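Trainee: My structure is in target00.cif, and what it holds is mmCIF, C-alpha atoms:
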```cif
data_entry
#
loop_
_atom_site.label_atom_id
_atom_site.label_comp_id
_atom_site.auth_asym_id
_atom_site.auth_seq_id
_atom_site.Cartn_x
_atom_site.Cartn_y
_atom_site.Cartn_z
CA MET A 267 14.18 19.83 -3.65
CA GLU A 268 16.76 17.68 -1.90
CA TYR A 269 16.61 17.36 1.88
CA LYS A 270 20.05 18.25 3.25
CA CYS A 271 21.33 17.71 6.80
CA GLN A 272 22.00 20.85 8.84
CA ASN A 273 25.15 19.29 10.30
CA CYS A 274 26.98 17.75 7.33
CA ASN A 275 24.92 18.66 4.24
CA GLY A 276 24.27 14.97 3.53
CA SER A 277 21.10 13.84 1.80
CA MET A 278 18.45 12.70 4.28
CA GLU A 279 15.59 10.21 4.07
CA PHE A 280 12.44 9.65 6.08
CA ASP A 281 12.85 6.72 8.49
CA SER A 282 9.65 4.72 8.99
CA LYS A 283 10.70 3.33 12.38
CA THR A 284 11.58 6.62 14.09
CA GLN A 285 9.21 8.75 11.96
CA LYS A 286 12.10 11.23 11.55
CA LEU A 287 14.24 12.58 8.75
CA ILE A 288 17.56 10.76 9.23
CA CYS A 289 21.02 11.65 7.92
CA PRO A 290 22.88 8.38 7.19
CA TRP A 291 26.23 10.21 7.33
CA CYS A 292 26.26 11.84 10.76
CA GLY A 293 23.15 10.29 12.36
CA ALA A 294 21.30 13.59 12.83
CA SER A 295 17.50 13.37 12.95
CA TYR A 296 14.82 16.00 12.36
CA ASP A 297 11.09 16.20 12.84
CA PRO A 298 9.67 16.21 9.26
CA ALA A 299 6.88 18.74 9.81
CA ALA A 300 9.12 21.15 11.76
CA TYR A 301 11.84 20.89 9.13
CA ASP A 302 9.35 21.58 6.36
CA GLN A 303 7.97 24.59 8.20
CA ALA A 304 11.46 25.93 8.72
CA MET A 305 12.20 25.48 5.05
CA GLN A 306 9.18 27.60 4.24
CA GLY A 307 10.37 30.31 6.63
CA GLN A 308 7.49 30.06 9.08
CA GLN A 309 8.11 31.85 12.36
CA GLY A 310 8.19 29.80 15.50
CA ALA A 311 8.81 26.46 13.74
CA THR A 312 11.31 24.42 15.71
CA GLY A 313 13.06 21.14 15.08
CA GLU A 314 15.53 18.99 16.90
CA ALA A 315 18.56 17.18 15.54
CA SER A 316 20.21 14.41 17.47
CA GLY A 317 23.63 13.04 16.76
CA ALA A 318 24.48 9.47 15.85
CA GLU A 319 24.39 6.77 18.51
CA GLY A 320 26.96 7.47 21.22
CA GLU A 321 27.25 11.18 20.39
CA THR A 322 25.92 14.15 22.32
CA PRO A 323 22.60 15.24 20.79
CA GLN A 324 22.79 18.44 18.81
CA VAL A 325 19.80 20.74 19.00
CA GLY A 326 19.11 23.36 16.38
CA THR A 327 16.43 26.06 16.50
CA PHE A 328 14.92 27.14 13.20
CA ASP A 329 13.75 30.71 12.65
CA GLU A 330 12.76 32.79 9.67
CA ASN A 331 16.27 34.26 9.30
CA GLN A 332 18.03 30.90 9.16
CA THR A 333 19.16 29.59 5.79
CA LEU A 334 18.55 25.89 5.31
CA SER A 335 20.86 23.67 3.31
CA MET A 336 18.16 22.46 0.98
CA GLY A 337 20.01 22.80 -2.33
CA GLU A 338 18.88 25.07 -5.13
CA GLN A 339 15.31 25.19 -6.36
CA GLN A 340 14.97 22.37 -8.85
CA GLN A 341 14.61 23.20 -12.50
CA TRP A 342 12.71 20.54 -14.40
CA ASN A 343 12.78 20.67 -18.20
CA VAL A 344 10.41 19.13 -20.74
CA ASN A 345 12.23 17.02 -23.35
CA ASP A 346 11.17 16.59 -26.96
CA ASP A 347 9.57 13.26 -26.09
CA GLY A 348 7.43 14.92 -23.41
CA LEU A 349 9.36 13.44 -20.48
CA MET A 350 10.50 15.59 -17.58
CA SER A 351 14.24 15.76 -16.85
CA TYR A 352 16.25 17.16 -13.95
CA ILE A 353 19.99 17.42 -13.24
CA CYS A 354 20.75 16.20 -9.69
CA LYS A 355 22.45 18.94 -7.64
CA ASN A 356 24.32 16.31 -5.62
CA CYS A 357 26.09 14.33 -8.36
CA GLY A 358 25.11 15.88 -11.70
CA GLY A 359 23.20 12.82 -12.89
CA GLU A 360 20.06 13.26 -15.00
CA VAL A 361 16.71 12.12 -13.64
CA VAL A 362 13.95 11.42 -16.18
CA GLY A 363 10.27 10.68 -15.59
CA ASP A 364 6.76 11.39 -16.83
CA ASP A 365 4.64 14.32 -15.71
CA SER A 366 3.02 12.31 -12.92
CA LEU A 367 6.38 11.82 -11.19
CA ALA A 368 6.26 13.61 -7.84
CA SER A 369 9.21 12.23 -5.90
CA THR A 370 11.96 9.76 -6.60
CA ASN A 371 15.63 9.07 -5.92
CA CYS A 372 18.59 9.92 -8.13
CA PRO A 373 19.58 6.64 -9.86
CA TYR A 374 23.27 7.54 -9.50
CA CYS A 375 23.75 8.83 -5.94
CA ASP A 376 20.35 7.82 -4.44
CA SER A 377 19.63 11.37 -3.24
CA PRO A 378 15.89 11.96 -2.61
CA ILE A 379 14.38 14.35 -5.16
CA ILE A 380 10.95 15.94 -4.74
CA ARG A 381 9.04 18.07 -7.25
CA ASN A 382 7.38 20.78 -5.20
CA ASP A 383 5.30 21.93 -8.17
CA GLN A 384 3.44 18.62 -8.00
CA PHE A 385 2.23 19.45 -4.48
CA SER A 386 0.88 22.97 -4.81
CA GLY A 387 -2.57 24.47 -5.30
CA MET A 388 -5.24 21.90 -6.13
CA MET A 389 -2.57 19.20 -6.42
CA LYS A 390 -1.46 19.53 -2.79
CA PRO A 391 -2.64 16.61 -0.66
CA GLU A 392 -4.44 17.38 2.58
CA LEU A 393 -3.27 14.26 4.40
CA LEU A 394 -0.57 11.63 4.34
CA ILE A 395 -0.03 8.39 6.23
CA PRO A 396 3.74 7.94 6.76
CA PHE A 397 5.38 4.58 6.08
CA LYS A 398 5.44 2.37 9.19
CA VAL A 399 6.88 -0.74 7.50
CA ASP A 400 10.49 -0.18 6.44
CA LYS A 401 12.22 -1.79 3.47
CA LYS A 402 13.91 -4.48 5.57
CA GLU A 403 10.60 -5.66 7.01
CA ALA A 404 8.91 -5.50 3.61
CA LYS A 405 11.64 -7.72 2.11
CA GLU A 406 11.41 -10.18 5.00
CA LYS A 407 7.65 -10.57 4.56
CA LEU A 408 8.02 -11.01 0.81
CA ASN A 409 10.84 -13.55 1.30
CA ALA A 410 8.75 -15.57 3.75
CA PHE A 411 5.82 -15.64 1.34
CA ILE A 412 7.92 -16.70 -1.66
CA SER A 413 9.88 -19.29 0.35
CA SER A 414 6.64 -21.10 1.17
CA LYS A 415 6.00 -21.65 -2.55
CA LYS A 416 8.18 -24.49 -3.82
CA LEU A 417 7.45 -24.17 -7.54
CA VAL A 418 8.08 -20.43 -7.95
CA PRO A 419 10.48 -19.49 -10.78
CA SER A 420 13.99 -18.63 -9.58
CA VAL A 421 13.71 -14.97 -10.65
CA PHE A 422 11.18 -14.40 -7.86
CA ARG A 423 13.66 -15.73 -5.28
CA ASP A 424 16.58 -13.63 -6.51
CA GLN A 425 17.63 -11.40 -3.61
CA LYS A 426 18.95 -8.72 -5.96
CA HIS A 427 15.52 -8.57 -7.54
CA ILE A 428 13.74 -8.47 -4.18
CA ASP A 429 16.03 -5.55 -3.25
CA GLU A 430 14.29 -3.59 -6.01
CA ILE A 431 11.07 -3.32 -4.00
CA LYS A 432 9.98 0.35 -3.96
CA GLY A 433 8.16 2.41 -1.40
CA VAL A 434 5.56 4.54 -3.19
CA TYR A 435 3.10 7.10 -1.88
CA VAL A 436 0.00 6.35 -3.94
CA PRO A 437 -2.59 9.12 -4.47
CA PHE A 438 -6.05 8.42 -3.07
CA TRP A 439 -9.33 10.30 -2.83
CA LEU A 440 -10.97 9.85 0.56
CA PHE A 441 -14.77 10.18 0.39
CA ASP A 442 -17.00 11.27 3.26
CA ALA A 443 -20.76 10.87 2.99
CA ASP A 444 -23.99 11.10 4.96
CA VAL A 445 -26.51 8.59 3.62
CA PHE A 446 -29.98 7.22 4.18
CA ALA A 447 -30.17 3.50 3.53
CA GLU A 448 -33.03 1.00 3.51
CA ALA A 449 -33.26 -2.65 2.55
CA GLN A 450 -35.73 -5.54 2.44
CA PHE A 451 -34.47 -8.95 3.54
CA ARG A 452 -35.81 -12.49 3.55
CA ALA A 453 -34.64 -14.40 6.65
CA LYS A 454 -35.55 -17.33 8.88
CA ARG A 455 -35.48 -18.59 12.47
CA THR A 456 -35.12 -22.18 13.57
CA HIS A 457 -36.77 -23.48 16.76
CA SER A 458 -36.43 -26.82 18.44
CA VAL A 459 -39.74 -28.62 18.88
CA THR A 460 -40.74 -32.02 20.20
CA ASN A 461 -40.55 -33.77 16.86
CA GLY A 462 -37.45 -31.94 15.58
CA GLU A 463 -37.11 -28.39 14.28
CA GLU A 464 -39.53 -25.71 13.18
CA ILE A 465 -38.43 -23.07 10.65
CA GLU A 466 -40.17 -19.68 10.47
CA HIS A 467 -39.67 -17.40 7.45
CA PHE A 468 -39.78 -13.59 7.67
CA GLU A 469 -39.75 -10.51 5.49
CA VAL A 470 -37.56 -8.01 7.38
CA TYR A 471 -37.18 -4.28 6.68
CA ARG A 472 -34.27 -2.21 7.93
CA SER A 473 -33.45 1.49 7.45
CA GLY A 474 -31.28 4.15 8.98
CA GLU A 475 -29.08 7.20 8.55
CA MET A 476 -25.33 6.63 8.46
CA SER A 477 -22.12 8.62 8.11
CA PHE A 478 -18.99 7.36 6.40
CA GLU A 479 -15.55 8.92 6.62
CA ALA A 480 -12.38 8.47 4.58
CA ILE A 481 -13.58 5.76 2.18
CA PRO A 482 -10.43 5.36 0.05
CA VAL A 483 -10.32 5.11 -3.75
CA ASP A 484 -6.94 5.14 -5.47
CA ALA A 485 -6.51 8.06 -7.86
CA SER A 486 -3.75 6.62 -10.08
CA SER A 487 -4.63 4.94 -13.36
CA LYS A 488 -1.34 3.01 -13.13
CA MET A 489 -2.52 1.09 -10.05
CA GLU A 490 -4.94 -1.83 -10.31
CA ASP A 491 -8.06 -0.87 -8.35
CA ALA A 492 -8.65 -4.41 -7.10
CA MET A 493 -5.08 -4.66 -5.77
CA MET A 494 -5.28 -1.34 -3.93
CA ASP A 495 -8.64 -2.40 -2.43
CA SER A 496 -7.15 -5.71 -1.29
CA ILE A 497 -4.34 -4.21 0.83
CA GLU A 498 -6.78 -2.14 2.90
CA PRO A 499 -7.61 -1.10 5.51
CA PHE A 500 -5.52 1.97 6.23
CA ASP A 501 -5.80 3.38 9.74
CA MET A 502 -6.54 7.08 9.32
CA ALA A 503 -5.66 7.68 12.98
CA ASP A 504 -2.03 7.76 11.78
CA ALA A 505 -2.70 10.41 9.13
CA VAL A 506 -0.77 13.68 9.41
CA SER A 507 -1.02 16.99 7.61
CA PHE A 508 0.87 16.79 4.34
CA SER A 509 4.54 17.69 4.36
CA THR A 510 6.98 16.96 1.53
CA ALA A 511 9.57 15.94 4.15
CA TYR A 512 7.78 12.60 4.57
CA LEU A 513 8.46 11.84 0.89
CA ALA A 514 12.27 11.94 1.23
CA GLY A 515 13.60 8.50 0.26
CA PHE A 516 10.33 7.30 -1.28
CA MET A 517 8.66 7.62 -4.64
CA ALA A 518 5.35 9.42 -5.03
CA ASP A 519 2.84 10.05 -7.79
CA LYS A 520 0.28 12.77 -8.18
CA TYR A 521 -3.30 11.89 -9.03
CA ASP A 522 -4.28 11.51 -12.67
CA GLU A 523 -7.91 10.67 -11.86
CA THR A 524 -10.11 13.45 -10.48
CA PRO A 525 -12.68 13.08 -7.68
CA GLU A 526 -15.35 12.98 -10.37
CA ASP A 527 -13.52 10.09 -12.10
CA CYS A 528 -13.39 8.15 -8.82
CA MET A 529 -16.82 9.12 -7.48
CA LYS A 530 -18.59 6.13 -9.04
CA ARG A 531 -16.30 3.65 -7.29
CA GLY A 532 -16.56 5.68 -4.08
CA ILE A 533 -20.36 5.56 -4.17
CA GLN A 534 -20.31 1.83 -4.90
CA ARG A 535 -18.12 1.22 -1.87
CA ILE A 536 -20.32 3.42 0.34
CA ARG A 537 -23.44 1.67 -0.94
CA SER A 538 -21.97 -1.76 -0.23
CA SER A 539 -20.88 -0.69 3.25
CA ALA A 540 -24.33 0.72 4.04
CA GLU A 541 -26.06 -2.48 2.90
CA GLU A 542 -23.63 -4.55 4.98
CA LYS A 543 -24.41 -2.48 8.09
CA LEU A 544 -28.13 -3.10 7.57
CA ARG A 545 -27.45 -6.81 7.14
CA ASP A 546 -25.36 -6.85 10.34
CA SER A 547 -28.34 -5.48 12.27
CA LEU A 548 -30.25 -8.75 11.75
CA HIS A 549 -28.79 -10.39 14.84
CA ASN A 550 -31.78 -12.59 15.62
CA PHE A 551 -32.25 -14.03 12.15
CA GLU A 552 -30.57 -16.77 10.16
CA SER A 553 -29.33 -16.66 6.56
CA PRO A 554 -30.61 -13.16 5.67
CA SER A 555 -30.92 -12.63 1.92
CA MET A 556 -31.33 -9.06 0.63
CA GLU A 557 -34.15 -8.69 -1.88
CA ALA A 558 -34.06 -4.93 -2.48
CA SER A 559 -32.17 -1.88 -1.27
CA ASN A 560 -31.99 1.87 -1.68
CA VAL A 561 -29.08 4.09 -0.62
CA GLU A 562 -29.40 7.86 -0.94
CA ILE A 563 -26.30 10.05 -0.70
CA ARG A 564 -27.40 13.13 1.24
CA GLU A 565 -24.05 14.98 1.49
CA SER A 566 -20.58 14.07 0.33
CA SER A 567 -17.06 15.48 0.14
CA SER A 568 -13.61 14.28 -0.89
CA HIS A 569 -10.08 14.77 0.41
CA TYR A 570 -6.78 14.23 -1.38
CA ALA A 571 -4.31 11.98 0.46
CA LEU A 572 -1.11 10.00 -0.13
CA LEU A 573 -1.04 6.49 1.32
CA PRO A 574 2.06 4.25 1.67
CA VAL A 575 2.49 1.16 -0.52
CA TRP A 576 5.48 -1.14 -1.15
CA ILE A 577 5.53 -2.37 -4.76
CA LEU A 578 7.61 -4.93 -6.65
CA ASN A 579 7.10 -5.68 -10.34
CA THR A 580 8.46 -8.89 -11.87
CA THR A 581 8.32 -9.86 -15.54
CA TRP A 582 8.43 -13.57 -16.33
CA ASN A 583 7.65 -15.24 -19.66
CA GLY A 584 6.34 -11.95 -21.02
CA THR A 585 3.84 -11.45 -18.19
CA GLN A 586 4.15 -8.83 -15.45
CA TYR A 587 3.46 -9.88 -11.87
CA ARG A 588 3.02 -7.21 -9.21
CA PHE A 589 3.26 -7.41 -5.44
CA ALA A 590 1.74 -4.65 -3.35
CA MET A 591 2.09 -4.27 0.41
CA ASN A 592 0.34 -1.84 2.75
CA GLY A 593 3.20 0.34 4.00
CA GLN A 594 1.36 0.98 7.26
CA THR A 595 0.14 -2.51 8.26
CA GLY A 596 2.27 -4.93 6.21
CA LYS A 597 -0.74 -6.60 4.58
CA PHE A 598 0.14 -7.60 1.04
CA ILE A 599 -1.19 -9.30 -2.07
CA GLY A 600 0.45 -10.72 -5.14
CA ASP A 601 0.23 -13.45 -7.77
CA LEU A 602 2.93 -16.06 -8.17
CA PRO A 603 3.26 -18.28 -11.26
CA TYR A 604 4.63 -21.79 -11.09
CA ASP A 605 7.55 -22.98 -13.20
CA LYS A 606 6.41 -25.95 -15.31
CA SER A 607 9.95 -27.31 -15.57
CA LEU A 608 10.28 -27.22 -11.77
CA TYR A 609 6.88 -28.88 -11.50
CA LYS A 610 7.98 -31.71 -13.80
CA LYS A 611 11.21 -32.20 -11.84
CA TYR A 612 9.35 -32.11 -8.54
CA PHE A 613 6.69 -34.52 -9.82
CA LEU A 614 9.33 -36.90 -11.26
CA ARG A 615 11.37 -36.85 -8.07
CA THR A 616 8.28 -37.49 -5.95
CA ALA A 617 7.21 -40.33 -8.25
CA ILE A 618 10.63 -41.96 -8.05
CA ILE A 619 10.78 -41.70 -4.27
CA THR A 620 7.23 -43.05 -3.93
CA THR A 621 8.05 -45.94 -6.28
CA LEU A 622 11.22 -46.83 -4.37
CA ILE A 623 9.36 -46.77 -1.04
CA ALA A 624 6.59 -48.97 -2.46
CA PHE A 625 9.16 -51.40 -3.91
CA ALA A 626 11.01 -51.54 -0.55
CA ILE A 627 7.77 -52.34 1.28
CA LEU A 628 6.86 -55.09 -1.20
CA PHE A 629 10.37 -56.54 -1.02
CA PHE A 630 10.23 -56.52 2.79
CA ILE A 631 6.87 -58.34 2.73
CA TRP A 632 8.24 -60.93 0.28
CA TRP A 633 11.41 -61.42 2.31
CA VAL A 634 9.47 -61.88 5.57
CA ARG A 635 7.30 -64.53 3.97
#
```
Just give me the structure of the file as structure tokens.

Mentor:
Amino acid sequence: MEYKCQNCNGSMEFDSKTQKLICPWCGASYDPAAYDQAMQGQQGATGEASGAEGETPQVGTFDENQTLSMGEQQQWNVNDDGLMSYICKNCGGEVVGDDSLASTNCPYCDSPIIRNDQFSGMMKPELLIPFKVDKKEAKEKLNAFISSKKLVPSVFRDQKHIDEIKGVYVPFWLFDADVFAEAQFRAKRTHSVTNGEEIEHFEVYRSGEMSFEAIPVDASSKMEDAMMDSIEPFDMADAVSFSTAYLAGFMADKYDETPEDCMKRGIQRIRSSAEEKLRDSLHNFESPSMEASNVEIRESSSHYALLPVWILNTTWNGTQYRFAMNGQTGKFIGDLPYDKSLYKKYFLRTAIITTLIAFAILFFIWWVR
């Protein structure tokens, strides 16, 4: 589907700053959830549209008899090579992607395109955290990071390349669990005595029941697990019930790893968190070292969610470098190579300057004498 403005039929996108669907043509804005409910013909769903800055706000009431300008139901076809293709209703351009493609933008007119069939039945997410960091802020943070690295290849500084950063809703499984955990630690205490210090050594046992909620594990095989772990945490207080309206203007993937596929990593993360909580309880001991532990999962469940991530891929010298940024908090991670030719130039320039300064100092000393 393509999200069309009620006022001018322009293609709309979700705005991370206002948390509204915004029409760039007339400035109208809509509440995403209300708009999505109206699209589905639910009674009593209401949404507001406000005009562009300086105009009188326009308010529209949605009801089940109102026809929304959403464009025709999309027809996706499977090509001979197995790729999915779709003809954009806005400009007639062809959009091509693999079967995991859930939302994207038309490469010709930039209209948001969402595959509803990817978000139905078992594939429908329960929750979504909307983007809070917009593209401008994401680019500024990336620019600041790259600018601090003097030996980065020029391709990483290219503004046209940085403009290619993409906002992607990445599929995650969120695991809840009730656990019983126990651990044996070796620890010590240090006391001041007349002749110096006295060290006591202890064997310490800790146990307890704990509950964990929304432990995230990314459910896309295309995303590096370590990178997705590194941009955490996500604040689930911002999570909303899933609505495709939040996807307008962003890319999204559906999961290709089931809860069973991700359960092992989920349990590992829960186990590590439980052991860390037991370790944190040793307030009165120094240098606790865990000797043994046991974590039993009593009850567990999983929830399907989409979480916001800004991604930029750069290929240099045959190697792909990826930046990922938490689209909610702005925390990001990425590897940067250094250009050997720039390093040689920088080293040579530094050596020359250092030599000239040393020569000037020696000449000054000689001249003074």

Trainee: For Glu552 of chain A, find every residue with an atom within 9 Å (counting all atoms listed in the file), except residues of its own chain fewer than 3 positions away, and show them as a list in words.

Mentor: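 Counting only the stated atoms, we get Ala453, Lys454, Arg455, Thr456, Leu548 and His549 of chain A.
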
Trainee: At a cut-off of 8 Å, using only C-alpha atoms, what residues contact Val399 of chain A? Leave out same-chain residues fewer than 2 positions from it and give the result as number ranges by chain.

Mentor: A: 282-283, 397, 401, 403-404, 593-596

Trainee: Could you take the residues named above and write them with C-alpha atoms, as a PDB file, keeping the file's coordinate frame?

Mentor:
```
ATOM      1  CA  SER A 282       9.650   4.720   8.990  1.00  0.00           C
ATOM      2  CA  LYS A 283      10.700   3.330  12.380  1.00  0.00           C
ATOM      3  CA  PHE A 397       5.380   4.580   6.080  1.00  0.00           C
ATOM      4  CA  LYS A 401      12.220  -1.790   3.470  1.00  0.00           C
ATOM      5  CA  GLU A 403      10.600  -5.660   7.010  1.00  0.00           C
ATOM      6  CA  ALA A 404       8.910  -5.500   3.610  1.00  0.00           C
ATOM      7  CA  GLY A 593       3.200   0.340   4.000  1.00  0.00           C
ATOM      8  CA  GLN A 594       1.360   0.980   7.260  1.00  0.00           C
ATOM      9  CA  THR A 595       0.140  -2.510   8.260  1.00  0.00           C
ATOM     10  CA  GLY A 596       2.270  -4.930   6.210  1.00  0.00           C
TER      11      GLY A 596
END
```

Trainee: Of the candidates A:His569, A:Ser553, A:Glu479, A:Gly515, which one gets nearest to Ser539 of chain A if we count only C-alpha atoms?

Mentor: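 Using only C-alpha atoms, the shortest distance to Ser539 of chain A belongs to A:Glu479.
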
Trainee: Using all atoms listed in the file, what does the table of segment 508-554 of chain A residues within 8 Å of segment 445-450 of chain A look like, with each row giving the shortest atom pair and its distance in Å to one decimal, sorted by chain and ascending number, as JSON lines?

Mentor:
```
{"residue": "A:Ala540", "atom": "CA", "partner": "A:Ala447", "partner_atom": "CA", "distance": 6.5}
{"residue": "A:Glu541", "atom": "CA", "partner": "A:Ala449", "partner_atom": "CA", "distance": 7.2}
{"residue": "A:Leu544", "atom": "CA", "partner": "A:Ala449", "partner_atom": "CA", "distance": 7.2}
```

Trainee: Report the distance between atom CA of Cys292 of chain A and atom CA of Tyr269 of chain A in Å, rounded to one decimal place.

Mentor: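 These two atoms are separated by 14.2 Å.
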
Trainee: Out of A:Leu573, A:Ile353, A:Val459, A:Met278, which residue has the shortest atom-to-atom distance to Lys398 of chain A when counting only C-alpha atoms?

Mentor: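 Checking each candidate against Lys398 of chain A, we get A:Leu573 as the closest.
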